[in-house]
Amino acid sequence: MSGGAPRLRAGLIGLGAMGRNHARVLSQLDGVELVGVVDPAGDPTDTLRVPVFGAVAELLALKPDYAVVACPTALHEEIGLELAAAGVCALIEKPLAPSVEAATRLVQAFEAAGLVAGVGHIERYNPALQSLRTRLEAGELGDVYQVVTRRQGPYPHRIADVGVVMDLATHDIDLTAWVTGQEYVSVAARTVSRSGRVHEDMVAVVGQLADGTMVNHLVNWLSPLKERSTVITGARGCFVADTLTADLTFYANGAIDTEWEALRTFRGVAEGDMVRYAIPKREPLLVEHERFRDAVEGKESDIVTLRQALRTVEVSAAVLHSAGEGSTVELRRG
């Protein structure tokens, strides 16, 4: 954006751990001016150089072009509807809402108002997954057979109002559908709660995508090991994306015939070359904000739409329903 162009006026709602990261990026985002922040607790660090308000109405009085919603998930619907009614575009942190019904009302409100709205499924902007998606679209893996994700680590004390499915598994559900370009058609899940909190803190999911691809998600916040892994296996080998380090590795199926008769009768695959790709590693949150800024300006931009985020909430709700009922849940086709 050229120096003489008008800057977009942005607001931020919520100054928790994620909200502070949004504030940092918004404060340095080209073409954007952070004009105000909303948090009833104020700014205990007193480091922000913009006004901090106690209510959304005070921020709306500044006439922002858009607002970033980084408050607890339980408040997303109420605040999102207030922004839509005021004609303000919104980037809402994931998950979009705590229920399918609430997410649907947000979709309807922003669409009826004709406003740009997106959801902060930040893994889509991870360099390793961006590269992986491009390679899958180019057919480098051939037919895709299976997607396996592992997302585990210690309990995040910033979370109080949702369990591990809505907080963490939503990352894996969204990235799987996005990377493969396929929607979920069924899920079966088991959850446990071992930490004494109301919500589940561990989940195992087996799912199927529309093209028959098998999906497995293992998610918890009970592990001292922090892991963020996506493994996609197909006809030509497998990709392994580590989203903690933004590394992408390809393991090729070997094409060398073996002379050993016992192995020649096994109709499977053999180990081949391993390639670790060199990928430019820009901060995913900054890329997410750049894409949303461009969308608000009316440019073609790849943002996570509210309808896509609604679908992720639907799949997450199906996971919780499956775990509660001990059954496989079929999902409607989009």
# chains A, B, ... in the order shown; residues from 1 in each chain; ligands from 1
>>> residues_around(residues="region 32-41 of chain A", least_positions_apart="6", cutoff="6 Å", atoms="only C-alpha atoms", output="JSON list (two decimals) with N, CA and C atoms, in the first residue's frame")
[["chain", "number", "residue", "atom", "x", "y", "z"],
["A", 7, "ARG", "N", -5.55, 4.80, 5.50],
["A", 7, "ARG", "CA", -5.33, 3.60, 6.28],
["A", 7, "ARG", "C", -6.66, 3.10, 6.83],
["A", 8, "LEU", "N", -6.79, 1.79, 6.89],
["A", 8, "LEU", "CA", -7.96, 1.20, 7.51],
["A", 8, "LEU", "C", -7.88, 1.38, 9.02],
["A", 9, "ARG", "N", -9.05, 1.66, 9.62],
["A", 9, "ARG", "CA", -9.12, 1.83, 11.07],
["A", 9, "ARG", "C", -9.57, 0.50, 11.68],
["A", 10, "ALA", "N", -8.75, -0.07, 12.54],
["A", 10, "ALA", "CA", -9.04, -1.37, 13.13],
["A", 10, "ALA", "C", -9.20, -1.27, 14.64],
["A", 11, "GLY", "N", -10.08, -2.11, 15.16],
["A", 11, "GLY", "CA", -10.25, -2.23, 16.60],
["A", 11, "GLY", "C", -9.96, -3.66, 17.03],
["A", 12, "LEU", "N", -9.72, -3.84, 18.31],
["A", 12, "LEU", "CA", -9.44, -5.15, 18.87],
["A", 12, "LEU", "C", -10.30, -5.36, 20.10],
["A", 13, "ILE", "N", -10.93, -6.53, 20.19],
["A", 13, "ILE", "CA", -11.78, -6.85, 21.35],
["A", 13, "ILE", "C", -11.20, -8.07, 22.04],
["A", 14, "GLY", "N", -10.64, -7.85, 23.21],
["A", 14, "GLY", "CA", -10.03, -8.92, 23.99],
["A", 14, "GLY", "C", -8.52, -8.76, 24.08],
["A", 50, "VAL", "N", -2.93, 3.05, 22.47],
["A", 50, "VAL", "CA", -4.27, 3.41, 22.01],
["A", 50, "VAL", "C", -5.22, 3.31, 23.19],
["A", 51, "PRO", "N", -6.40, 3.93, 23.08],
["A", 51, "PRO", "CA", -7.38, 3.86, 24.17],
["A", 51, "PRO", "C", -7.85, 2.43, 24.42],
["A", 52, "VAL", "N", -8.06, 2.09, 25.69],
["A", 52, "VAL", "CA", -8.61, 0.79, 26.07],
["A", 52, "VAL", "C", -9.97, 1.03, 26.73],
["A", 53, "PHE", "N", -11.02, 0.49, 26.11],
["A", 53, "PHE", "CA", -12.39, 0.74, 26.56],
["A", 53, "PHE", "C", -12.94, -0.47, 27.32],
["A", 54, "GLY", "N", -14.02, -0.22, 28.05],
["A", 54, "GLY", "CA", -14.67, -1.28, 28.79],
["A", 54, "GLY", "C", -15.84, -1.91, 28.05]]
>>> residues_around(residues="Ser322 (chain A)", least_positions_apart="5", cutoff="9 Å", atoms="only C-alpha atoms", output="JSON, numbers by chain")
{"A": [187, 188, 189, 190, 317, 327, 328, 329]}
>>> select_by_dssp(residues="region 97-293 of chain A", states="strand (DSSP E)", output="PyMOL selection string")
chain A and resi 117-120+144-152+184-192+202-209+214-220+227-234+237-242+247-253+271-277
>>> residues_around(residues="Ser131 (chain A)", least_positions_apart="5", cutoff="9 Å", atoms="only C-alpha atoms", output="PyMOL selection string")
chain A and resi 126+136+248+279
>>> select_by_dssp(residues="region 166-313 of chain A", states="helix (DSSP H, G or I)", output="ChimeraX atom specification")
/A:166-180,261-264,284-296,306-313
>>> closest_residue(among="A:Leu132, A:Val296, A:Val203, A:Ala97", to="Arg276 (chain A)", atoms="only C-alpha atoms")
A:Leu132
>>> closest_residue(among="A:Pro156, A:Gly272, A:Gly31, A:Gly42", to="Phe292 (chain A)", atoms="only C-alpha atoms")
A:Gly31
>>> residues_around(residues="region 299-304 of chain A", least_positions_apart="2", cutoff="8 Å", atoms="only C-alpha atoms", output="JSON, numbers by chain")
{"A": [118, 119, 120, 121, 288, 291, 292, 294, 295, 296, 297, 306, 308, 309]}
>>> residues_around(residues="Ala109 (chain A)", least_positions_apart="6", cutoff="8 Å", atoms="only C-alpha atoms", output="number ranges by chain")
A: 81, 84-85
>>> write_last_selection(atoms="all heavy atoms", output="mmCIF file, in the first residue's frame")
data_model
loop_
_atom_site.group_PDB
_atom_site.id
_atom_site.type_symbol
_atom_site.label_atom_id
_atom_site.label_comp_id
_atom_site.auth_asym_id
_atom_site.auth_seq_id
_atom_site.Cartn_x
_atom_site.Cartn_y
_atom_site.Cartn_z
ATOM 1 N N LEU A 81 -22.564 -10.133 16.581
ATOM 2 C CA LEU A 81 -23.841 -9.565 16.149
ATOM 3 C C LEU A 81 -23.864 -8.049 16.331
ATOM 4 O O LEU A 81 -24.432 -7.313 15.513
ATOM 5 C CB LEU A 81 -24.994 -10.210 16.913
ATOM 6 C CG LEU A 81 -25.231 -11.698 16.626
ATOM 7 C CD1 LEU A 81 -26.383 -12.234 17.479
ATOM 8 C CD2 LEU A 81 -25.511 -11.949 15.148
ATOM 9 N N ALA A 84 -21.840 -6.630 13.425
ATOM 10 C CA ALA A 84 -22.590 -6.728 12.170
ATOM 11 C C ALA A 84 -23.680 -5.662 12.100
ATOM 12 O O ALA A 84 -23.885 -5.033 11.060
ATOM 13 C CB ALA A 84 -23.189 -8.125 12.028
ATOM 14 N N ALA A 85 -24.369 -5.474 13.218
ATOM 15 C CA ALA A 85 -25.437 -4.470 13.255
ATOM 16 C C ALA A 85 -24.895 -3.060 13.042
ATOM 17 O O ALA A 85 -25.592 -2.181 12.518
ATOM 18 C CB ALA A 85 -26.180 -4.547 14.589
#
>>> residues_around(residues="Gly87 (chain A)", least_positions_apart="4", cutoff="9 Å", atoms="only C-alpha atoms", output="list in words")
Asp65, Tyr66, Glu82, Leu83, Phe110, Ala113, Gly114 and Leu115 of chain A
>>> atom_distance(atom1="CA of Trp178 (chain A)", atom2="CA of Ala278 (chain A)")
22.1 Å
>>> closest_residue(among="A:Ala246, A:Val319, A:Ala23, A:Ala17", to="Val205 (chain A)", atoms="only C-alpha atoms")
A:Val319
>>> closest_residue(among="A:Cys238, A:Ile79, A:Leu106, A:Val164", to="Arg194 (chain A)", atoms="only C-alpha atoms")
A:Val164
>>> closest_residue(among="A:Ala74, A:Leu218, A:Ala55, A:Val315", to="Asp161 (chain A)", atoms="only C-alpha atoms")
A:Ala74
>>> closest_residue(among="A:Tyr251, A:Ser27, A:Gly237, A:Glu227", to="Arg150 (chain A)", atoms="only C-alpha atoms")
A:Glu227
>>> residues_around(residues="His22 (chain A)", least_positions_apart="6", cutoff="9 Å", atoms="only C-alpha atoms", output="list of chain:residue names")
A:Leu12, A:Leu15, A:Val68, A:Ala70, A:Leu285, A:Leu286, A:His289
>>> write_last_selection(atoms="N, CA and C atoms", output="short mmCIF file (atom, residue, chain, number, x, y, z; two decimals), in the first residue's frame")
data_model
loop_
_atom_site.label_atom_id
_atom_site.label_comp_id
_atom_site.auth_asym_id
_atom_site.auth_seq_id
_atom_site.Cartn_x
_atom_site.Cartn_y
_atom_site.Cartn_z
N LEU A 12 -9.72 -3.84 18.31
CA LEU A 12 -9.44 -5.15 18.87
C LEU A 12 -10.30 -5.36 20.10
N LEU A 15 -8.01 -8.73 25.33
CA LEU A 15 -6.58 -8.55 25.54
C LEU A 15 -5.97 -9.72 26.31
N VAL A 68 -11.09 -7.02 15.29
CA VAL A 68 -10.63 -8.38 15.57
C VAL A 68 -11.24 -8.82 16.89
N ALA A 70 -11.14 -11.28 19.82
CA ALA A 70 -10.25 -12.24 20.47
C ALA A 70 -10.65 -12.46 21.92
N LEU A 285 0.46 -15.43 11.79
CA LEU A 285 -0.51 -14.43 12.24
C LEU A 285 -0.42 -13.16 11.40
N LEU A 286 0.80 -12.78 11.02
CA LEU A 286 0.97 -11.60 10.16
C LEU A 286 0.35 -11.85 8.79
N HIS A 289 -3.41 -11.60 8.99
CA HIS A 289 -3.87 -10.20 9.04
C HIS A 289 -3.73 -9.51 7.69
#
>>> atom_distance(atom1="CA of Val147 (chain A)", atom2="CA of Val215 (chain A)")
4.8 Å
